Amino acid sequence: MSAYLQIDHVDKVFERGGQRTEVLKDVTLSIAKGEIVAIIGHSGCGKSTLLNLVAGLTEVSAGGIILEHTEVNSPGPDRSVVFQNHSLLPWLTVYENVNLAVAKLFGRTKTAAERHDWVMRNLDLVQMAHAKDKRPTEISGGMKQRVGIARALAMEPKILLLDEPFGALDALTRAHLQDAVMEIHQRLQNTMIMITHDVDEAVLLADRIVMMTNGPAARIGEVLEVPLARPRRRTELVTDRTYLRCREAVLKFLYERHRFVEAA
Amino acid sequence: MTTAPLSSAINDVDRAPAISAAVVAFPSALPRRIDFGRIAASLARTLVPPLVMLAIILVVWQVACSGPNATLPPPSQVWMESGDLIMSPFYNNGDADVGLGWRIISSLQRVAFGFGLAAVAGVVLGAIVGQSVWAMRGLDPIFQILRTVPPLAWLPLSLAAFRDSHPAAIFVIFITSIWPVIINTAVGVRQIPDDYRNVARILQLNPLEFFFKIMVPSAAPYIFTGLRIGVGLSWLAIVAAEMLTGGVGIGFFIWDAWNSSHLPDIIVALVYIGVVGFLLDRLVAGIGAFVTRGTSAK
């Protein structure tokens, strides 16, 4: 397995007014091309911080992150992020939100017609072409998140970073979007890192599940391979023994060995 | 069950443009029939009460100023002596004897110039102050003090600096109206959510692109609040400045009428100033509402 993304002995310390908070301690992880990795852990364990480090939105305190032979030290479109709260710009339509990224990244390399096709292609991929002229305020939460995914995919990222993308959605909408993510992966074979606190979501989507210990100074506690064949169908998995075994392993990690003591 | 339509849609992606063209064609909104009855009713609701009040005020004024010792002219006298100013705002008898419409226009030109400069400079300065913590700490107290200086207090300095009344008047408008624009823009820029900033960072927008594509639209509601306050202040300032600097303009007209004891002319001029000031405010508010549609609603 060749490392496409290499997170190498990364520490993250926040310093504020003389107070040092160690968030991540000695995190090492390598991710292969085309892999979906889910990062799971209790809230406050620094999983979002880890994603921000890969995105380049926050700087590492020690260690390094290498994506395809290049060190990550600033944000860029090769590591596009799907934010938890969609982060669409409310004054732009769905089309314009995606086009903002496309016009910036492909303004010189693609013609206007090609750029239009590319925007529509990505909106089609998330089944949002029908709402291209709507504004974010006029569509549902699930639809906003679909557009957020389309915008991230339109950047043609080397790696797609999803920061609890479906956390704010209801269970049915979440299931639809999980299916959409699996379909997209099936089609594009892209690399994804997904932050989640949903055990079922992690087992359903991921090739590997990275389980984080509780902070401060969170580490990677365990990495679980999910040897389920793709395409995966949630209805069939309910009784699948491998699925149940993986699910049990994650649950045991989270609730027996690393129970979140401060949780109310 | 949910995956079946999904996969077929995704397999269709190669034909995306053709499909999307078909899907995109929304049925346009049906042409609505104009309901004249309702429009008339709503017009009556908004127009009748102010007209009634106006009539009452005119009657009271007429009665109050009809006595032999009245110092101010009643409305009937205003109409008789200055009716030509109301009826023909755009006469031109050459030299300085022109209708109030022309005077208003020349005042508006000064406002347009001074306020236009203030709007552009105010938004740019406000963006800088809002973006930088140190610029905020350094400049905000200075702005807060300068913005309380009355317009006319700037005029002597301005005359001394420009040695000409025309640019001096424009500078007074500029310096009066820029503060609310700066302060409101700065507040708006500081309110830009981190998510929008992160989107901009991932897309690697340069500062200019960030300014036009994220900062200005995101802060637009705040910017237009500042502009609206600013345009009101600049209209206050121009009348005062023109009274002192002279030339063609509504402010100087009032001063001139006072010097030649034409009180009815002054009253007509006040009405003009009020109406134009109201229209300016509505204009900026209207542009703001149009530009920020979609932004104000979260």
# chains A, B, ... in the order shown; residues from 1 in each chain; ligands from 1
>>> residues_around(residues="A:Gln84", least_positions_apart="2", cutoff="7 Å", atoms="only C-alpha atoms", output="ChimeraX atom specification")
/A:82,86,163-167
>>> write_last_selection(atoms="N, CA and C atoms", output="compact mmCIF listing (two decimals), in the first residue's frame")
# COMPACT_ATOMS: atom_id res chain seq x y z
N VAL A 82 -15.67 19.69 2.72
CA VAL A 82 -17.13 19.81 2.85
C VAL A 82 -17.37 20.14 4.32
N HIS A 86 -22.25 23.44 5.74
CA HIS A 86 -22.30 23.68 4.29
C HIS A 86 -21.51 24.89 3.80
N ASP A 163 -16.04 17.14 6.97
CA ASP A 163 -16.02 17.44 8.40
C ASP A 163 -17.43 17.27 8.99
N GLU A 164 -17.70 16.09 9.51
CA GLU A 164 -19.05 15.77 10.02
C GLU A 164 -20.12 16.30 9.09
N PRO A 165 -20.07 15.91 7.83
CA PRO A 165 -20.90 16.58 6.83
C PRO A 165 -22.40 16.37 7.05
N PHE A 166 -22.77 15.26 7.68
CA PHE A 166 -24.20 14.98 7.78
C PHE A 166 -24.70 15.07 9.22
N GLY A 167 -23.84 15.62 10.11
CA GLY A 167 -24.17 15.66 11.52
C GLY A 167 -25.44 16.42 11.82
>>> closest_atom_pairs(of="chain A", to="chain B", cutoff="9 Å", atoms="only C-alpha atoms", output="tab-separated table")
residue	atom	partner	partner_atom	distance
A:Ala55	CA	B:Ile202	CA	7.9
A:Gly56	CA	B:Ile202	CA	8.4
A:Leu57	CA	B:Asn198	CA	7.2
A:Ser74	CA	B:Arg201	CA	8.5
A:Pro75	CA	B:Ile202	CA	4.9
A:Gly76	CA	B:Ile202	CA	4.5
A:Pro77	CA	B:Ile202	CA	5.3
A:Asp78	CA	B:Ile202	CA	8.5
A:Arg79	CA	B:Ile202	CA	7.7
A:Ser80	CA	B:Ile202	CA	6.6
A:Val81	CA	B:Ile202	CA	7.9
A:Phe83	CA	B:Asp195	CA	7.9
A:Asn85	CA	B:Asp195	CA	8.5
A:His86	CA	B:Asp195	CA	8.7
A:Ser87	CA	B:Asp195	CA	5.7
A:Leu88	CA	B:Tyr196	CA	7.8
A:Leu89	CA	B:Tyr196	CA	7.2
A:Pro90	CA	B:Thr295	CA	5.6
A:Trp91	CA	B:Thr295	CA	4.9
A:Leu92	CA	B:Gly294	CA	7.9
A:Leu100	CA	B:Lys213	CA	8.6
A:Ala101	CA	B:Leu203	CA	6.5
A:Lys104	CA	B:Leu203	CA	7.2
A:Leu105	CA	B:Leu203	CA	7.5
A:His116	CA	B:Pro17	CA	8.7
A:Asp117	CA	B:Pro17	CA	6.1
A:Met120	CA	B:Pro17	CA	6.7
A:Arg121	CA	B:Ala16	CA	5.6
A:Asn122	CA	B:Val13	CA	8.5
A:Asp124	CA	B:Val13	CA	6.4
A:Leu125	CA	B:Ile10	CA	5.7
A:Val126	CA	B:Ile10	CA	8.2
A:Gln127	CA	B:Ala9	CA	7.4
A:Ala129	CA	B:Ser20	CA	6.1
A:His130	CA	B:Val24	CA	5.5
A:Ala131	CA	B:Val24	CA	7.7
A:Lys132	CA	B:Val24	CA	7.5
A:Asp133	CA	B:Val24	CA	8.4
A:Arg135	CA	B:Gly294	CA	7.3
A:Pro136	CA	B:Gly294	CA	8.6
A:Thr137	CA	B:Lys298	CA	6.7
A:Met155	CA	B:Leu203	CA	8.4
A:Ala175	CA	B:Thr2	CA	8.9
A:His176	CA	B:Thr2	CA	7.0
A:Asp179	CA	B:Thr3	CA	6.6
A:Ala180	CA	B:Leu6	CA	7.2
A:Glu183	CA	B:Ser7	CA	6.8
A:Ile184	CA	B:Ile10	CA	8.0
A:Arg187	CA	B:Ile10	CA	8.1
A:Arg233	CA	B:Thr3	CA	8.4
>>> residues_around(residues="A:Asp198", least_positions_apart="3", cutoff="12 Å", atoms="only C-alpha atoms", output="PyMOL selection string")
chain A and resi 38-43+164-168+171+174-175+178+194-195+201-206+209+211+247+250-251+254
>>> select_by_dssp(residues="stretch 47-155 of chain A", states="strand (DSSP E)", output="NGL selection string")
:A and (62-67 or 70-71 or 81-82)
>>> write_last_selection(atoms="N, CA and C atoms", output="tab-separated table (two decimals), in the first residue's frame")
chain	number	residue	atom	x	y	z
A	62	ALA	N	4.24	20.20	15.29
A	62	ALA	CA	5.42	19.37	15.07
A	62	ALA	C	5.02	18.26	14.11
A	63	GLY	N	6.01	17.68	13.46
A	63	GLY	CA	5.72	16.65	12.48
A	63	GLY	C	5.36	17.26	11.14
A	64	GLY	N	4.83	16.42	10.25
A	64	GLY	CA	4.51	16.96	8.93
A	64	GLY	C	3.45	16.15	8.22
A	65	ILE	N	2.83	16.77	7.22
A	65	ILE	CA	1.81	16.08	6.42
A	65	ILE	C	2.24	16.18	4.96
A	66	ILE	N	2.30	15.04	4.29
A	66	ILE	CA	2.74	15.04	2.90
A	66	ILE	C	1.64	14.44	2.03
A	67	LEU	N	1.22	15.20	1.04
A	67	LEU	CA	0.22	14.72	0.08
A	67	LEU	C	0.90	14.60	-1.27
A	70	THR	N	4.26	16.27	-1.67
A	70	THR	CA	4.33	17.70	-1.40
A	70	THR	C	3.87	17.96	0.02
A	71	GLU	N	4.64	18.77	0.74
A	71	GLU	CA	4.25	19.04	2.11
A	71	GLU	C	3.07	20.01	2.16
A	81	VAL	N	-12.73	20.92	1.21
A	81	VAL	CA	-13.43	20.55	2.44
A	81	VAL	C	-14.94	20.68	2.24
A	82	VAL	N	-15.67	19.69	2.72
A	82	VAL	CA	-17.13	19.81	2.85
A	82	VAL	C	-17.37	20.14	4.32
>>> atom_distance(atom1="atom CA of A:Ser140", atom2="atom CA of A:Val181")
17.8 Å
>>> decode(residues="stretch 27-68 of chain A", atoms="N, CA and C atoms", output="mmCIF file, in the first residue's frame")
data_model
loop_
_atom_site.group_PDB
_atom_site.id
_atom_site.type_symbol
_atom_site.label_atom_id
_atom_site.label_comp_id
_atom_site.auth_asym_id
_atom_site.auth_seq_id
_atom_site.Cartn_x
_atom_site.Cartn_y
_atom_site.Cartn_z
ATOM 1 N N VAL A 27 0.413 11.878 16.063
ATOM 2 C CA VAL A 27 -0.541 11.213 15.179
ATOM 3 C C VAL A 27 0.161 10.808 13.885
ATOM 4 N N THR A 28 0.146 9.538 13.589
ATOM 5 C CA THR A 28 0.755 9.035 12.358
ATOM 6 C C THR A 28 -0.262 8.179 11.621
ATOM 7 N N LEU A 29 -0.451 8.496 10.342
ATOM 8 C CA LEU A 29 -1.459 7.782 9.569
ATOM 9 C C LEU A 29 -1.100 7.907 8.101
ATOM 10 N N SER A 30 -1.169 6.796 7.377
ATOM 11 C CA SER A 30 -0.993 6.933 5.933
ATOM 12 C C SER A 30 -2.237 6.421 5.229
ATOM 13 N N ILE A 31 -2.588 7.123 4.182
ATOM 14 C CA ILE A 31 -3.828 6.835 3.474
ATOM 15 C C ILE A 31 -3.491 6.584 2.014
ATOM 16 N N ALA A 32 -4.043 5.501 1.471
ATOM 17 C CA ALA A 32 -3.752 5.149 0.075
ATOM 18 C C ALA A 32 -4.717 5.874 -0.850
ATOM 19 N N LYS A 33 -4.329 5.956 -2.110
ATOM 20 C CA LYS A 33 -5.177 6.607 -3.101
ATOM 21 C C LYS A 33 -6.483 5.823 -3.260
ATOM 22 N N GLY A 34 -7.582 6.529 -3.303
ATOM 23 C CA GLY A 34 -8.872 5.891 -3.518
ATOM 24 C C GLY A 34 -9.519 5.354 -2.262
ATOM 25 N N GLU A 35 -8.869 5.567 -1.122
ATOM 26 C CA GLU A 35 -9.373 5.002 0.124
ATOM 27 C C GLU A 35 -10.344 5.973 0.810
ATOM 28 N N ILE A 36 -11.335 5.421 1.488
ATOM 29 C CA ILE A 36 -12.164 6.257 2.363
ATOM 30 C C ILE A 36 -11.794 5.929 3.803
ATOM 31 N N VAL A 37 -11.343 6.950 4.520
ATOM 32 C CA VAL A 37 -10.969 6.747 5.917
ATOM 33 C C VAL A 37 -11.920 7.561 6.778
ATOM 34 N N ALA A 38 -12.544 6.914 7.743
ATOM 35 C CA ALA A 38 -13.399 7.631 8.683
ATOM 36 C C ALA A 38 -12.615 7.846 9.967
ATOM 37 N N ILE A 39 -12.714 9.038 10.529
ATOM 38 C CA ILE A 39 -12.091 9.316 11.819
ATOM 39 C C ILE A 39 -13.219 9.499 12.816
ATOM 40 N N ILE A 40 -13.174 8.682 13.862
ATOM 41 C CA ILE A 40 -14.275 8.708 14.827
ATOM 42 C C ILE A 40 -13.712 8.916 16.221
ATOM 43 N N GLY A 41 -14.477 9.570 17.050
ATOM 44 C CA GLY A 41 -14.041 9.813 18.417
ATOM 45 C C GLY A 41 -15.061 10.673 19.106
ATOM 46 N N HIS A 42 -14.956 10.767 20.423
ATOM 47 C CA HIS A 42 -15.888 11.604 21.161
ATOM 48 C C HIS A 42 -15.628 13.060 20.845
ATOM 49 N N SER A 43 -16.619 13.913 21.102
ATOM 50 C CA SER A 43 -16.421 15.324 20.790
ATOM 51 C C SER A 43 -15.313 15.890 21.673
ATOM 52 N N GLY A 44 -14.546 16.795 21.093
ATOM 53 C CA GLY A 44 -13.438 17.387 21.816
ATOM 54 C C GLY A 44 -12.159 16.584 21.724
ATOM 55 N N CYS A 45 -12.159 15.499 20.915
ATOM 56 C CA CYS A 45 -10.959 14.676 20.851
ATOM 57 C C CYS A 45 -9.990 15.176 19.781
ATOM 58 N N GLY A 46 -10.350 16.262 19.101
ATOM 59 C CA GLY A 46 -9.401 16.824 18.146
ATOM 60 C C GLY A 46 -9.524 16.267 16.743
ATOM 61 N N LYS A 47 -10.642 15.594 16.442
ATOM 62 C CA LYS A 47 -10.753 15.045 15.087
ATOM 63 C C LYS A 47 -10.944 16.143 14.046
ATOM 64 N N SER A 48 -11.692 17.175 14.415
ATOM 65 C CA SER A 48 -11.825 18.300 13.481
ATOM 66 C C SER A 48 -10.497 19.026 13.301
ATOM 67 N N THR A 49 -9.742 19.122 14.403
ATOM 68 C CA THR A 49 -8.427 19.745 14.308
ATOM 69 C C THR A 49 -7.545 18.971 13.334
ATOM 70 N N LEU A 50 -7.615 17.643 13.404
ATOM 71 C CA LEU A 50 -6.814 16.817 12.501
ATOM 72 C C LEU A 50 -7.187 17.104 11.049
ATOM 73 N N LEU A 51 -8.486 17.237 10.793
ATOM 74 C CA LEU A 51 -8.938 17.521 9.433
ATOM 75 C C LEU A 51 -8.460 18.904 8.973
ATOM 76 N N ASN A 52 -8.533 19.873 9.899
ATOM 77 C CA ASN A 52 -8.065 21.217 9.562
ATOM 78 C C ASN A 52 -6.566 21.235 9.270
ATOM 79 N N LEU A 53 -5.820 20.360 9.950
ATOM 80 C CA LEU A 53 -4.383 20.273 9.681
ATOM 81 C C LEU A 53 -4.143 19.769 8.265
ATOM 82 N N VAL A 54 -4.903 18.734 7.880
ATOM 83 C CA VAL A 54 -4.752 18.199 6.520
ATOM 84 C C VAL A 54 -5.193 19.243 5.497
ATOM 85 N N ALA A 55 -6.277 19.970 5.821
ATOM 86 C CA ALA A 55 -6.758 21.010 4.916
ATOM 87 C C ALA A 55 -5.773 22.169 4.823
ATOM 88 N N GLY A 56 -4.920 22.311 5.848
ATOM 89 C CA GLY A 56 -3.970 23.422 5.871
ATOM 90 C C GLY A 56 -4.555 24.661 6.499
ATOM 91 N N LEU A 57 -5.765 24.553 7.026
ATOM 92 C CA LEU A 57 -6.401 25.709 7.648
ATOM 93 C C LEU A 57 -5.758 26.025 8.995
ATOM 94 N N THR A 58 -5.152 25.001 9.613
ATOM 95 C CA THR A 58 -4.395 25.203 10.845
ATOM 96 C C THR A 58 -3.003 24.624 10.601
ATOM 97 N N GLU A 59 -1.988 25.220 11.251
ATOM 98 C CA GLU A 59 -0.625 24.737 11.046
ATOM 99 C C GLU A 59 -0.258 23.685 12.086
ATOM 100 N N VAL A 60 0.531 22.721 11.682
ATOM 101 C CA VAL A 60 0.974 21.694 12.626
ATOM 102 C C VAL A 60 2.015 22.300 13.563
ATOM 103 N N SER A 61 2.057 21.788 14.799
ATOM 104 C CA SER A 61 3.063 22.270 15.754
ATOM 105 C C SER A 61 4.352 21.482 15.604
ATOM 106 N N ALA A 62 4.236 20.204 15.292
ATOM 107 C CA ALA A 62 5.421 19.373 15.065
ATOM 108 C C ALA A 62 5.018 18.262 14.111
ATOM 109 N N GLY A 63 6.010 17.684 13.458
ATOM 110 C CA GLY A 63 5.723 16.647 12.480
ATOM 111 C C GLY A 63 5.355 17.256 11.142
ATOM 112 N N GLY A 64 4.827 16.424 10.251
ATOM 113 C CA GLY A 64 4.506 16.964 8.929
ATOM 114 C C GLY A 64 3.454 16.146 8.221
ATOM 115 N N ILE A 65 2.826 16.768 7.219
ATOM 116 C CA ILE A 65 1.808 16.084 6.420
ATOM 117 C C ILE A 65 2.239 16.181 4.962
ATOM 118 N N ILE A 66 2.304 15.037 4.292
ATOM 119 C CA ILE A 66 2.741 15.039 2.901
ATOM 120 C C ILE A 66 1.642 14.442 2.034
ATOM 121 N N LEU A 67 1.218 15.204 1.038
ATOM 122 C CA LEU A 67 0.219 14.725 0.080
ATOM 123 C C LEU A 67 0.903 14.597 -1.269
ATOM 124 N N GLU A 68 1.020 13.387 -1.748
ATOM 125 C CA GLU A 68 1.637 13.108 -3.046
ATOM 126 C C GLU A 68 2.953 13.872 -3.200
#
